[in-house]
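J.: Below is the file upload_10.pdb, which contains PDB, C-alpha atoms.
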MODEL        1
ATOM      1  CA  MET A 125      11.792  17.522  13.004
ATOM      2  CA  LYS A 126      10.850  15.661  16.163
ATOM      3  CA  LYS A 127       7.280  16.796  15.549
ATOM      4  CA  ILE A 128       7.504  15.171  12.120
ATOM      5  CA  TYR A 129       8.868  11.962  13.655
ATOM      6  CA  SER A 130       6.029  11.855  16.174
ATOM      7  CA  MET A 131       3.535  12.189  13.343
ATOM      8  CA  VAL A 132       5.122   9.216  11.626
ATOM      9  CA  LEU A 133       5.171   7.095  14.767
ATOM     10  CA  ALA A 134       1.679   8.308  15.697
ATOM     11  CA  LEU A 135       1.689   6.775  12.607
ATOM     12  CA  ALA A 136     -14.011 -19.683   8.705
ATOM     13  CA  MET A 137     -15.639 -21.316   6.971
ATOM     14  CA  SER A 138     -16.482 -24.705   8.594
ATOM     15  CA  ILE A 139     -17.715 -27.741   6.626
ATOM     16  CA  ALA A 140     -20.325 -30.013   8.239
ATOM     17  CA  LEU A 141     -20.632 -33.421   6.693
ATOM     18  CA  VAL A 142     -24.091 -34.884   7.114
ATOM     19  CA  GLY A 143     -24.850 -38.458   6.034
ATOM     20  CA  CYS A 144     -28.094 -38.758   4.153
ATOM     21  CA  GLY A 145     -30.330 -41.821   3.782
ATOM     22  CA  THR A 146     -33.803 -43.226   4.128
ATOM     23  CA  ALA A 147     -35.328 -44.829   7.174
ATOM     24  CA  ASP A 148     -34.821 -48.223   5.494
ATOM     25  CA  ASP A 149     -31.097 -47.993   4.772
ATOM     26  CA  THR A 150     -29.812 -45.795   7.603
ATOM     27  CA  GLU A 151     -28.027 -47.636  10.381
ATOM     28  CA  PRO A 152     -27.822 -46.229  13.876
ATOM     29  CA  PRO A 153     -24.489 -44.538  14.645
ATOM     30  CA  GLU A 154     -21.994 -46.563  16.600
ATOM     31  CA  GLU A 155     -21.659 -45.671  20.220
ATOM     32  CA  ASN A 156     -18.541 -43.754  21.099
ATOM     33  CA  ALA A 157     -17.821 -45.486  24.363
ATOM     34  CA  GLY A 158     -14.606 -43.598  24.970
ATOM     35  CA  GLY A 159     -16.218 -40.194  24.482
ATOM     36  CA  ASP A 160     -13.628 -39.270  21.840
ATOM     37  CA  THR A 161     -14.520 -36.654  19.275
ATOM     38  CA  PRO A 162     -14.746 -37.853  15.677
ATOM     39  CA  GLU A 163     -11.450 -37.742  13.802
ATOM     40  CA  THR A 164     -11.020 -34.769  11.476
ATOM     41  CA  THR A 165      -8.927 -34.837   8.353
ATOM     42  CA  GLU A 166      -5.968 -32.514   7.777
ATOM     43  CA  GLU A 167      -7.939 -30.773   5.024
ATOM     44  CA  ASP A 168     -10.867 -30.140   7.393
ATOM     45  CA  ALA A 169      -8.522 -28.651   9.977
ATOM     46  CA  THR A 170      -6.832 -26.400   7.414
ATOM     47  CA  VAL A 171     -10.095 -24.982   6.088
ATOM     48  CA  ALA A 172     -11.364 -24.451   9.621
ATOM     49  CA  GLU A 173      -8.368 -22.154  10.248
ATOM     50  CA  TRP A 174      -9.305 -19.841   7.385
ATOM     51  CA  PRO A 175     -11.025 -16.613   8.472
ATOM     52  CA  ASP A 176     -14.644 -15.953   7.605
ATOM     53  CA  GLU A 177     -13.586 -12.685   5.993
ATOM     54  CA  LEU A 178     -10.386 -11.203   4.620
ATOM     55  CA  ILE A 179      -9.820  -7.469   4.995
ATOM     56  CA  MET A 180      -7.822  -5.829   2.227
ATOM     57  CA  GLY A 181      -6.347  -2.448   3.148
ATOM     58  CA  PHE A 182      -5.469   0.489   0.905
ATOM     59  CA  VAL A 183      -4.128   3.999   1.415
ATOM     60  CA  PRO A 184      -5.388   7.051  -0.474
ATOM     61  CA  SER A 185      -3.039   7.924  -3.325
ATOM     62  CA  GLN A 186      -6.076   9.694  -4.737
ATOM     63  CA  ASP A 187      -9.518  10.679  -3.477
ATOM     64  CA  SER A 188     -10.622   8.142  -0.856
ATOM     65  CA  ALA A 189     -14.146   7.845  -2.232
ATOM     66  CA  ASN A 190     -12.793   7.043  -5.691
ATOM     67  CA  ILE A 191     -10.537   4.304  -4.329
ATOM     68  CA  ALA A 192     -13.412   2.807  -2.332
ATOM     69  CA  ASP A 193     -15.434   2.531  -5.552
ATOM     70  CA  THR A 194     -12.609   1.113  -7.650
ATOM     71  CA  VAL A 195     -11.489  -1.557  -5.173
ATOM     72  CA  ALA A 196     -14.967  -3.079  -4.924
ATOM     73  CA  PRO A 197     -14.642  -5.147  -8.153
ATOM     74  CA  LEU A 198     -11.222  -6.349  -6.993
ATOM     75  CA  ALA A 199     -12.630  -7.478  -3.653
ATOM     76  CA  ASP A 200     -15.525  -9.215  -5.396
ATOM     77  CA  ARG A 201     -13.217 -11.116  -7.737
ATOM     78  CA  LEU A 202     -10.907 -12.185  -4.910
ATOM     79  CA  SER A 203     -13.920 -13.406  -2.925
ATOM     80  CA  GLU A 204     -14.959 -15.526  -5.890
ATOM     81  CA  GLU A 205     -11.490 -16.985  -6.485
ATOM     82  CA  LEU A 206     -10.561 -17.610  -2.834
ATOM     83  CA  GLY A 207     -13.918 -18.847  -1.600
ATOM     84  CA  VAL A 208     -13.680 -16.387   1.293
ATOM     85  CA  ASN A 209     -15.448 -13.038   1.514
ATOM     86  CA  VAL A 210     -12.969 -10.225   0.860
ATOM     87  CA  ARG A 211     -13.727  -6.658   1.917
ATOM     88  CA  GLY A 212     -11.694  -3.607   0.938
ATOM     89  CA  GLU A 213     -11.020  -0.841   3.431
ATOM     90  CA  VAL A 214      -9.481   2.527   2.615
ATOM     91  CA  MET A 215      -7.350   3.607   5.565
ATOM     92  CA  THR A 216      -6.725   7.208   6.564
ATOM     93  CA  ASN A 217      -2.986   7.003   5.878
ATOM     94  CA  TYR A 218      -0.008   4.655   5.594
ATOM     95  CA  THR A 219       0.537   4.464   9.345
ATOM     96  CA  ALA A 220      -3.061   3.418   9.960
ATOM     97  CA  LEU A 221      -2.696   0.560   7.464
ATOM     98  CA  VAL A 222       0.530  -0.639   9.088
ATOM     99  CA  GLU A 223      -1.051  -0.531  12.556
ATOM    100  CA  ALA A 224      -4.097  -2.443  11.336
ATOM    101  CA  MET A 225      -1.973  -5.179   9.744
ATOM    102  CA  GLY A 226       0.296  -5.420  12.763
ATOM    103  CA  ASN A 227      -2.744  -5.914  14.994
ATOM    104  CA  ASP A 228      -4.343  -8.566  12.723
ATOM    105  CA  GLN A 229      -7.164  -6.244  11.654
ATOM    106  CA  VAL A 230      -6.082  -6.252   7.988
ATOM    107  CA  HIS A 231      -4.917  -9.383   6.168
ATOM    108  CA  ILE A 232      -3.875  -8.072   2.740
ATOM    109  CA  GLY A 233      -2.174  -4.700   2.533
ATOM    110  CA  PHE A 234      -1.299  -2.606  -0.488
ATOM    111  CA  ILE A 235       1.656  -0.948   1.240
ATOM    112  CA  PRO A 236       4.135   1.423  -0.408
ATOM    113  CA  ALA A 237       7.832   0.680   0.004
ATOM    114  CA  PHE A 238       8.609   2.916   2.989
ATOM    115  CA  GLY A 239       5.381   1.992   4.710
ATOM    116  CA  TYR A 240       6.430  -1.641   4.329
ATOM    117  CA  VAL A 241       9.838  -0.955   5.844
ATOM    118  CA  LEU A 242       8.208   0.812   8.787
ATOM    119  CA  ALA A 243       5.834  -2.136   9.149
ATOM    120  CA  THR A 244       8.642  -4.691   9.354
ATOM    121  CA  GLU A 245      10.497  -2.567  11.898
ATOM    122  CA  ARG A 246       7.489  -2.516  14.191
ATOM    123  CA  TYR A 247       5.849  -5.904  13.576
ATOM    124  CA  ASP A 248       6.947  -9.430  12.693
ATOM    125  CA  ASN A 249       3.686 -10.563  11.063
ATOM    126  CA  ILE A 250       3.858  -8.587   7.798
ATOM    127  CA  ASP A 251       5.581  -9.925   4.686
ATOM    128  CA  ALA A 252       5.835  -8.566   1.134
ATOM    129  CA  VAL A 253       4.897 -11.365  -1.278
ATOM    130  CA  LEU A 254       4.038  -9.372  -4.403
ATOM    131  CA  LYS A 255       4.973  -6.040  -5.942
ATOM    132  CA  SER A 256       3.462  -3.871  -8.610
ATOM    133  CA  ILE A 257       4.628  -3.490 -12.171
ATOM    134  CA  ARG A 258       4.045  -0.166 -13.875
ATOM    135  CA  HIS A 259       4.625  -0.030 -17.611
ATOM    136  CA  GLY A 260       7.030  -2.957 -17.502
ATOM    137  CA  SER A 261       9.099  -1.776 -14.554
ATOM    138  CA  SER A 262       9.214  -2.803 -10.886
ATOM    139  CA  THR A 263      10.740   0.554  -9.914
ATOM    140  CA  TYR A 264       9.724   4.184 -10.329
ATOM    141  CA  LYS A 265      10.882   7.665  -9.395
ATOM    142  CA  ALA A 266       9.424  10.423  -7.282
ATOM    143  CA  GLN A 267       8.981  13.748  -9.004
ATOM    144  CA  TYR A 268       9.069  17.338  -7.826
ATOM    145  CA  THR A 269       6.346  19.445  -9.415
ATOM    146  CA  VAL A 270       6.036  23.223  -9.473
ATOM    147  CA  ARG A 271       3.813  25.648 -11.333
ATOM    148  CA  THR A 272       4.908  26.296 -14.906
ATOM    149  CA  ASP A 273       5.177  30.013 -14.175
ATOM    150  CA  SER A 274       7.240  29.442 -11.012
ATOM    151  CA  ASP A 275      10.720  30.945 -10.729
ATOM    152  CA  ILE A 276      11.966  27.703  -9.118
ATOM    153  CA  GLN A 277      14.537  26.194 -11.463
ATOM    154  CA  SER A 278      16.442  23.722  -9.258
ATOM    155  CA  LEU A 279      16.102  21.837  -6.002
ATOM    156  CA  GLU A 280      18.335  24.413  -4.349
ATOM    157  CA  ASP A 281      15.679  27.036  -5.123
ATOM    158  CA  LEU A 282      13.234  25.190  -2.842
ATOM    159  CA  GLU A 283      14.775  26.748   0.258
ATOM    160  CA  GLY A 284      12.198  28.914   2.005
ATOM    161  CA  LYS A 285       9.335  27.584  -0.135
ATOM    162  CA  VAL A 286       6.159  25.716   0.831
ATOM    163  CA  TRP A 287       6.365  21.934   0.318
ATOM    164  CA  ALA A 288       3.212  19.829  -0.163
ATOM    165  CA  PHE A 289       3.502  16.052   0.103
ATOM    166  CA  PRO A 290       0.990  13.215   0.545
ATOM    167  CA  ASP A 291       2.075  11.674   3.847
ATOM    168  CA  LEU A 292       5.131  11.547   6.066
ATOM    169  CA  ALA A 293       5.327   7.769   5.561
ATOM    170  CA  SER A 294       5.089   8.085   1.773
ATOM    171  CA  THR A 295       8.106   6.678  -0.059
ATOM    172  CA  SER A 296       7.919   8.922  -3.112
ATOM    173  CA  GLY A 297       6.011  11.718  -1.449
ATOM    174  CA  TYR A 298       8.377  12.265   1.464
ATOM    175  CA  LEU A 299      11.207   9.812   2.210
ATOM    176  CA  PHE A 300      13.163   9.808  -1.053
ATOM    177  CA  PRO A 301      12.813  13.557  -1.729
ATOM    178  CA  ALA A 302      13.811  14.412   1.854
ATOM    179  CA  ALA A 303      16.804  12.058   1.672
ATOM    180  CA  GLN A 304      17.864  13.575  -1.636
ATOM    181  CA  LEU A 305      17.813  17.068  -0.158
ATOM    182  CA  VAL A 306      19.992  15.841   2.702
ATOM    183  CA  ASN A 307      22.461  13.842   0.611
ATOM    184  CA  GLU A 308      22.845  16.160  -2.360
ATOM    185  CA  TYR A 309      22.149  19.611  -0.965
ATOM    186  CA  GLY A 310      23.302  19.436   2.626
ATOM    187  CA  VAL A 311      19.904  19.975   4.260
ATOM    188  CA  ASP A 312      19.967  19.181   7.973
ATOM    189  CA  PRO A 313      18.280  15.760   8.378
ATOM    190  CA  GLU A 314      17.019  16.800  11.800
ATOM    191  CA  ASN A 315      15.523  20.025  10.510
ATOM    192  CA  ILE A 316      13.945  19.351   7.130
ATOM    193  CA  SER A 317      11.114  21.675   8.049
ATOM    194  CA  GLY A 318      13.652  24.450   8.660
ATOM    195  CA  PHE A 319      14.712  24.342   5.005
ATOM    196  CA  PHE A 320      11.159  25.186   3.932
ATOM    197  CA  SER A 321       8.900  27.992   5.078
ATOM    198  CA  ASP A 322       6.033  25.554   5.601
ATOM    199  CA  LEU A 323       5.064  21.911   5.082
ATOM    200  CA  ILE A 324       1.615  20.730   3.967
ATOM    201  CA  GLN A 325       0.688  17.091   4.533
ATOM    202  CA  ALA A 326      -1.993  16.876   1.855
ATOM    203  CA  GLY A 327      -3.287  13.341   2.440
ATOM    204  CA  GLY A 328      -2.802  12.101  -1.130
ATOM    205  CA  HIS A 329      -0.628  12.575  -4.196
ATOM    206  CA  ASP A 330      -3.477  14.238  -6.065
ATOM    207  CA  ASN A 331      -4.137  16.645  -3.219
ATOM    208  CA  ALA A 332      -0.462  17.585  -3.013
ATOM    209  CA  LEU A 333      -0.514  18.589  -6.682
ATOM    210  CA  ILE A 334      -3.751  20.506  -6.242
ATOM    211  CA  GLN A 335      -2.111  22.518  -3.458
ATOM    212  CA  VAL A 336       0.499  23.686  -5.980
ATOM    213  CA  LEU A 337      -2.000  24.188  -8.789
ATOM    214  CA  GLU A 338      -4.146  26.406  -6.553
ATOM    215  CA  GLY A 339      -1.182  28.400  -5.265
ATOM    216  CA  ASN A 340      -1.140  27.108  -1.686
ATOM    217  CA  ALA A 341       2.251  25.416  -2.080
ATOM    218  CA  ASP A 342       5.315  26.000  -4.219
ATOM    219  CA  VAL A 343       6.323  22.386  -4.800
ATOM    220  CA  ALA A 344       4.716  18.966  -4.510
ATOM    221  CA  THR A 345       6.433  15.599  -4.399
ATOM    222  CA  THR A 346       4.564  12.602  -5.780
ATOM    223  CA  PHE A 347       4.992   9.450  -7.823
ATOM    224  CA  ASP A 348       5.631  10.048 -11.525
ATOM    225  CA  ASP A 349       3.553  11.313 -13.303
ATOM    226  CA  ALA A 350       0.802  12.015 -10.796
ATOM    227  CA  ARG A 351      -0.513  14.907 -12.869
ATOM    228  CA  THR A 352      -2.472  12.378 -14.923
ATOM    229  CA  ALA A 353      -4.414  11.443 -11.760
ATOM    230  CA  ILE A 354      -5.973  14.916 -11.566
ATOM    231  CA  GLU A 355      -6.202  15.714 -15.265
ATOM    232  CA  ALA A 356      -9.862  14.713 -15.533
ATOM    233  CA  ASP A 357     -10.894  17.234 -12.868
ATOM    234  CA  TYR A 358      -8.139  19.733 -13.634
ATOM    235  CA  PRO A 359      -7.560  19.630 -17.417
ATOM    236  CA  GLU A 360      -5.095  22.469 -17.071
ATOM    237  CA  ALA A 361      -2.784  20.398 -14.855
ATOM    238  CA  MET A 362      -0.452  19.113 -17.586
ATOM    239  CA  GLU A 363       0.070  22.622 -18.937
ATOM    240  CA  GLU A 364       0.164  24.595 -15.707
ATOM    241  CA  LEU A 365       2.278  22.163 -13.666
ATOM    242  CA  ARG A 366       5.937  21.577 -14.546
ATOM    243  CA  ILE A 367       8.216  18.712 -13.496
ATOM    244  CA  LEU A 368      11.241  20.172 -11.757
ATOM    245  CA  ASP A 369      13.313  17.056 -11.027
ATOM    246  CA  TYR A 370      13.267  13.389 -10.047
ATOM    247  CA  THR A 371      14.680  11.225  -7.271
ATOM    248  CA  ALA A 372      16.602   7.971  -7.606
ATOM    249  CA  GLU A 373      14.751   4.750  -8.476
ATOM    250  CA  ILE A 374      12.315   3.420  -5.844
ATOM    251  CA  PRO A 375      10.971  -0.154  -5.548
ATOM    252  CA  ASN A 376       7.304  -0.356  -6.457
ATOM    253  CA  ASP A 377       4.503  -0.837  -3.935
ATOM    254  CA  THR A 378       3.947  -4.159  -2.209
ATOM    255  CA  ILE A 379       1.042  -6.478  -1.706
ATOM    256  CA  SER A 380       1.884  -7.649   1.792
ATOM    257  CA  LEU A 381       0.204 -10.435   3.733
ATOM    258  CA  ASN A 382      -0.389 -10.976   7.409
ATOM    259  CA  THR A 383       1.768 -14.021   8.196
ATOM    260  CA  ASN A 384      -0.758 -15.259  10.774
ATOM    261  CA  LEU A 385      -2.905 -16.421   7.857
ATOM    262  CA  PRO A 386      -2.587 -20.155   7.085
ATOM    263  CA  GLN A 387       0.194 -20.841   4.604
ATOM    264  CA  GLU A 388      -2.214 -22.569   2.198
ATOM    265  CA  LEU A 389      -4.343 -19.447   2.070
ATOM    266  CA  ARG A 390      -1.350 -17.181   1.581
ATOM    267  CA  ASP A 391      -0.129 -19.361  -1.292
ATOM    268  CA  LEU A 392      -3.578 -19.218  -2.901
ATOM    269  CA  ILE A 393      -3.732 -15.429  -2.575
ATOM    270  CA  VAL A 394      -0.396 -15.125  -4.383
ATOM    271  CA  GLU A 395      -1.561 -17.555  -7.072
ATOM    272  CA  VAL A 396      -4.785 -15.626  -7.669
ATOM    273  CA  PHE A 397      -3.071 -12.243  -7.898
ATOM    274  CA  MET A 398      -0.427 -13.584 -10.287
ATOM    275  CA  ALA A 399      -3.192 -15.016 -12.484
ATOM    276  CA  PHE A 400      -4.494 -11.466 -12.937
ATOM    277  CA  ASN A 401      -1.530 -10.833 -15.268
ATOM    278  CA  SER A 402      -3.366 -12.760 -17.985
ATOM    279  CA  ASP A 403      -6.782 -11.279 -17.191
ATOM    280  CA  GLU A 404      -7.388  -8.016 -19.028
ATOM    281  CA  GLU A 405     -10.425  -7.158 -16.903
ATOM    282  CA  MET A 406      -8.440  -7.437 -13.678
ATOM    283  CA  LEU A 407      -5.467  -5.551 -15.092
ATOM    284  CA  THR A 408      -7.844  -2.719 -15.941
ATOM    285  CA  ILE A 409      -9.152  -2.722 -12.385
ATOM    286  CA  MET A 410      -5.629  -2.715 -10.917
ATOM    287  CA  ASP A 411      -4.726   0.151 -13.213
ATOM    288  CA  GLU A 412      -7.765   2.113 -12.043
ATOM    289  CA  VAL A 413      -6.911   1.485  -8.388
ATOM    290  CA  TYR A 414      -3.191   2.267  -8.373
ATOM    291  CA  ASN A 415      -2.003   2.589 -11.998
ATOM    292  CA  TRP A 416      -0.601  -0.954 -11.863
ATOM    293  CA  THR A 417      -0.089  -2.651 -15.213
ATOM    294  CA  GLY A 418       1.108  -5.980 -13.793
ATOM    295  CA  ILE A 419       2.100  -7.913 -10.691
ATOM    296  CA  ASP A 420       5.317  -9.744  -9.839
ATOM    297  CA  THR A 421       6.526 -11.792  -6.900
ATOM    298  CA  ALA A 422       8.476  -9.945  -4.219
ATOM    299  CA  SER A 423      10.755 -10.635  -1.297
ATOM    300  CA  ASP A 424      11.664  -8.640   1.772
ATOM    301  CA  SER A 425      15.191  -7.995   0.466
ATOM    302  CA  ASP A 426      13.766  -6.050  -2.501
ATOM    303  CA  TYR A 427      13.198  -3.200  -0.047
ATOM    304  CA  ASP A 428      16.680  -3.033   1.460
ATOM    305  CA  VAL A 429      17.412   0.067  -0.625
ATOM    306  CA  VAL A 430      14.514   1.775   1.125
ATOM    307  CA  ARG A 431      15.898   0.718   4.511
ATOM    308  CA  GLU A 432      19.250   2.206   3.557
ATOM    309  CA  THR A 433      17.618   5.462   2.470
ATOM    310  CA  ALA A 434      15.647   5.627   5.699
ATOM    311  CA  GLN A 435      18.891   5.484   7.691
ATOM    312  CA  VAL A 436      19.256   9.161   6.847
ATOM    313  CA  PHE A 437      16.459   9.631   9.383
ATOM    314  CA  PRO A 438      17.091   6.871  11.952
ATOM    315  CA  ASP A 439      14.511   8.229  14.393
ATOM    316  CA  MET A 440      11.808   7.527  11.817
ATOM    317  CA  LEU A 441      12.415   3.787  12.129
ATOM    318  CA  ASN A 442      12.267   3.687  15.925
TER     319      ASN A 442
ENDMDL
END
Once more with this new file: its structure as structure tokens, please.
T.:
Amino acid sequence: MKKIYSMVLALAMSIALVGCGTADDTEPPEENAGGDTPETTEEDATVAEWPDELIMGFVPSQDSANIADTVAPLADRLSEELGVNVRGEVMTNYTALVEAMGNDQVHIGFIPAFGYVLATERYDNIDAVLKSIRHGSSTYKAQYTVRTDSDIQSLEDLEGKVWAFPDLASTSGYLFPAAQLVNEYGVDPENISGFFSDLIQAGGHDNALIQVLEGNADVATTFDDARTAIEADYPEAMEELRILDYTAEIPNDTISLNTNLPQELRDLIVEVFMAFNSDEEMLTIMDEVYNWTGIDTASDSDYDVVRETAQVFPDMLN
């Protein structure tokens, strides 16, 4: 398990005002005998603090190339609304996104619940301001998926099997299923890997399911229902993959901001995202990116249930 823990841990625009006039009506500038710099307004100072570019970070819940394509319209629209160039970056995993935000390399992060909890344990400059809505709900469940022809009928039957999951810092892919196995079935929290014959960190929810579909793993844990994410490429997925069970409810993903951004900019970012709720085009884009059907405001305390769940594995938060 310590190997697993180490994997987790290894987890301005300036405005120049120029007076214009003709040679006849332009008066010479007054001498600044004291050498003082011209007074700037509070608005000038605020705008000058805004970065030239905002980086928006994502993690691959599906194929990275697909996400990169689908986030481009979102970045373009945010650039237009904020008046600052916004660029989307798909990170290698949850830990990489957290590290980038903590080190001021990413300003807006689409961080899943457990990733957010890990972020706040390690850094003090990351704050959840928004959360996703999926089909009217701000919570969801993780699901266990096996092949339809599998002899696995309960979670107890998973002992000795091969488990595929997206990422060790994934809330639905790892944390909540692992905690459920500990709390309900007595699995040793320090030896989760010992309960299974092998673990496959697949790098995405879609890839975890594909591992099961292709016979490389016996069970995959993902958000519900991730089978729809691979149905276009694997039309047999809905028929050949069976849902075994679900976890308890999990808070939806966050849109977290780097708190080193000026407050006025942070407030505007929240305002723009919330306005997307009445914009069908943007809702379609958000749905294509992460299956979001709406956006709501969030607070740090919304994720206390995730912190409590993570206490099953205290070393993961250190």
J.: What residues come out when you apply the PyMOL selection byres ((chain A and resi 304) around 10) to this file, written as a list in words?
T.: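 Expected selection for the PyMOL selection byres ((chain A and resi 304) around 10) here is Leu279, Leu299, Phe300, Pro301, Ala302, Ala303, Leu305, Val306, Asn307, Glu308, Tyr309, Gly310, Val311, Tyr370, Thr371, Ala372, Thr433 and Val436 of chain A.
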J.: Any chance you can output those residues with C-alpha atoms as a PDB file, keeping the file's coordinate frame?
T.:
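Listed below is the output, again.pdb:
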ATOM      1  CA  LEU A 279      16.102  21.837  -6.002  1.00  0.00           C
ATOM      2  CA  LEU A 299      11.207   9.812   2.210  1.00  0.00           C
ATOM      3  CA  PHE A 300      13.163   9.808  -1.053  1.00  0.00           C
ATOM      4  CA  PRO A 301      12.813  13.557  -1.729  1.00  0.00           C
ATOM      5  CA  ALA A 302      13.811  14.412   1.854  1.00  0.00           C
ATOM      6  CA  ALA A 303      16.804  12.058   1.672  1.00  0.00           C
ATOM      7  CA  LEU A 305      17.813  17.068  -0.158  1.00  0.00           C
ATOM      8  CA  VAL A 306      19.992  15.841   2.702  1.00  0.00           C
ATOM      9  CA  ASN A 307      22.461  13.842   0.611  1.00  0.00           C
ATOM     10  CA  GLU A 308      22.845  16.160  -2.360  1.00  0.00           C
ATOM     11  CA  TYR A 309      22.149  19.611  -0.965  1.00  0.00           C
ATOM     12  CA  GLY A 310      23.302  19.436   2.626  1.00  0.00           C
ATOM     13  CA  VAL A 311      19.904  19.975   4.260  1.00  0.00           C
ATOM     14  CA  TYR A 370      13.267  13.389 -10.047  1.00  0.00           C
ATOM     15  CA  THR A 371      14.680  11.225  -7.271  1.00  0.00           C
ATOM     16  CA  ALA A 372      16.602   7.971  -7.606  1.00  0.00           C
ATOM     17  CA  THR A 433      17.618   5.462   2.470  1.00  0.00           C
ATOM     18  CA  VAL A 436      19.256   9.161   6.847  1.00  0.00           C
TER      19      VAL A 436
END
J.: For the interface of range 292-336 of chain A with range 263-274 of chain A (cut-off 7 Å, counting only C-alpha atoms), please tabulate each contacting residue of range 292-336 of chain A alongside its nearest pair of atoms and their separation in Å to one decimal, rows sorted by chain and increasing number, as a Markdown table.
T.:
| residue | atom | partner | partner_atom | distance |
| --- | --- | --- | --- | --- |
| A:Ser296 | CA | A:Ala266 | CA | 4.7 |
| A:Gly297 | CA | A:Ala266 | CA | 6.9 |
| A:Val336 | CA | A:Val270 | CA | 6.6 |
J.: Between A:Ala199, A:Ala288, A:Ile419, A:Ile354, which residue has the minimum interatomic distance to Asp377 in chain A, considering only C-alpha atoms?
T.: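 Result for the nearest residue to Asp377 in chain A: A:Ile419.
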J.: Which residues of range 295-407 of chain A sit at most 12 Å from range 232-254 of chain A, using only C-alpha atoms? Give each one's shortest atom pair and distance in Å (one decimal place), in chain and ascending residue order, as a Markdown table.
T.:
| residue | atom | partner | partner_atom | distance |
| --- | --- | --- | --- | --- |
| A:Thr295 | CA | A:Phe238 | CA | 4.9 |
| A:Ser296 | CA | A:Phe238 | CA | 8.6 |
| A:Gly297 | CA | A:Phe238 | CA | 10.2 |
| A:Tyr298 | CA | A:Phe238 | CA | 9.5 |
| A:Leu299 | CA | A:Phe238 | CA | 7.4 |
| A:Phe300 | CA | A:Phe238 | CA | 9.2 |
| A:Phe347 | CA | A:Pro236 | CA | 11.0 |
| A:Glu373 | CA | A:Ala237 | CA | 11.7 |
| A:Ile374 | CA | A:Ala237 | CA | 7.9 |
| A:Pro375 | CA | A:Ala237 | CA | 6.4 |
| A:Asn376 | CA | A:Ala237 | CA | 6.6 |
| A:Asp377 | CA | A:Pro236 | CA | 4.2 |
| A:Thr378 | CA | A:Ile235 | CA | 5.2 |
| A:Ile379 | CA | A:Phe234 | CA | 4.7 |
| A:Ser380 | CA | A:Ala252 | CA | 4.1 |
| A:Leu381 | CA | A:Ile232 | CA | 4.8 |
| A:Asn382 | CA | A:Ile250 | CA | 4.9 |
| A:Thr383 | CA | A:Asn249 | CA | 4.9 |
| A:Asn384 | CA | A:Asn249 | CA | 6.5 |
| A:Leu385 | CA | A:Asn249 | CA | 9.4 |
| A:Leu389 | CA | A:Ile232 | CA | 11.4 |
| A:Arg390 | CA | A:Val253 | CA | 9.0 |
| A:Asp391 | CA | A:Val253 | CA | 9.4 |
| A:Leu392 | CA | A:Val253 | CA | 11.7 |
| A:Ile393 | CA | A:Ile232 | CA | 9.1 |
| A:Val394 | CA | A:Val253 | CA | 7.2 |
| A:Glu395 | CA | A:Leu254 | CA | 10.3 |
| A:Val396 | CA | A:Leu254 | CA | 11.3 |
| A:Phe397 | CA | A:Leu254 | CA | 8.4 |
| A:Met398 | CA | A:Leu254 | CA | 8.5 |
J.: Would you list the contacts of Ala196 in chain A as a CSV table (one decimal) with C-alpha atoms, in the coordinates of the input, taking every protein, DNA or RNA residue within 10 Å and counting all atoms listed in the file, but skipping same-chain residues closer than 4 positions in sequence?
T.:
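File around09.csv, as written:
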chain,number,residue,atom,x,y,z
A,191,ILE,CA,-10.5,4.3,-4.3
A,192,ALA,CA,-13.4,2.8,-2.3
A,200,ASP,CA,-15.5,-9.2,-5.4
A,201,ARG,CA,-13.2,-11.1,-7.7
A,202,LEU,CA,-10.9,-12.2,-4.9
A,210,VAL,CA,-13.0,-10.2,0.9
A,211,ARG,CA,-13.7,-6.7,1.9
A,212,GLY,CA,-11.7,-3.6,0.9
A,213,GLU,CA,-11.0,-0.8,3.4
A,409,ILE,CA,-9.2,-2.7,-12.4
A,413,VAL,CA,-6.9,1.5,-8.4
J.: Suppose a student applies the PyMOL selection byres ((chain A and resi 283) around 9) to this structure; what residues should they get, written as a ChimeraX atom specification?
T.: /A:279-282,284-286,318-321
J.: Evaluate the PyMOL selection byres ((chain A and resi 401) around 12) and record the selected residues as a PyMOL selection string, following the chain and residue labels used in the document.
T.: chain A and resi 256-257+260+394-400+402-411+416-421
J.: Mind pulling up the distance from CA of Thr345 in chain A to CA of His329 in chain A?
T.: 7.7 Å
J.: To one decimal place in Å, what is the distance between CA of Pro290 in chain A and CA of Gly226 in chain A?
T.: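 We find that CA of Pro290 in chain A and CA of Gly226 in chain A lie 22.3 Å from each other.
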J.: Any idea what the distance is between CA of His231 in chain A and CA of Glu432 in chain A?
T.: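 Separation between CA of His231 in chain A and CA of Glu432 in chain A: 26.9 Å.
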J.: Write out as JSON, numbers by chain the residues lying within 10 Å of Ala220 in chain A, counting all atoms listed in the file and excluding same-chain residues fewer than 2 positions away.
T.: {"A": [134, 135, 181, 182, 183, 214, 215, 216, 217, 218, 222, 223, 224, 225, 226]}
J.: Filtering to C-alpha atoms, could you give me those residues as a tab-separated table (two decimals), keeping the file's coordinate frame?
T.:
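Below is the file that was written, selection_15.tsv:
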chain	number	residue	atom	x	y	z
A	134	ALA	CA	1.68	8.31	15.70
A	135	LEU	CA	1.69	6.78	12.61
A	181	GLY	CA	-6.35	-2.45	3.15
A	182	PHE	CA	-5.47	0.49	0.90
A	183	VAL	CA	-4.13	4.00	1.42
A	214	VAL	CA	-9.48	2.53	2.62
A	215	MET	CA	-7.35	3.61	5.56
A	216	THR	CA	-6.72	7.21	6.56
A	217	ASN	CA	-2.99	7.00	5.88
A	218	TYR	CA	-0.01	4.66	5.59
A	222	VAL	CA	0.53	-0.64	9.09
A	223	GLU	CA	-1.05	-0.53	12.56
A	224	ALA	CA	-4.10	-2.44	11.34
A	225	MET	CA	-1.97	-5.18	9.74
A	226	GLY	CA	0.30	-5.42	12.76
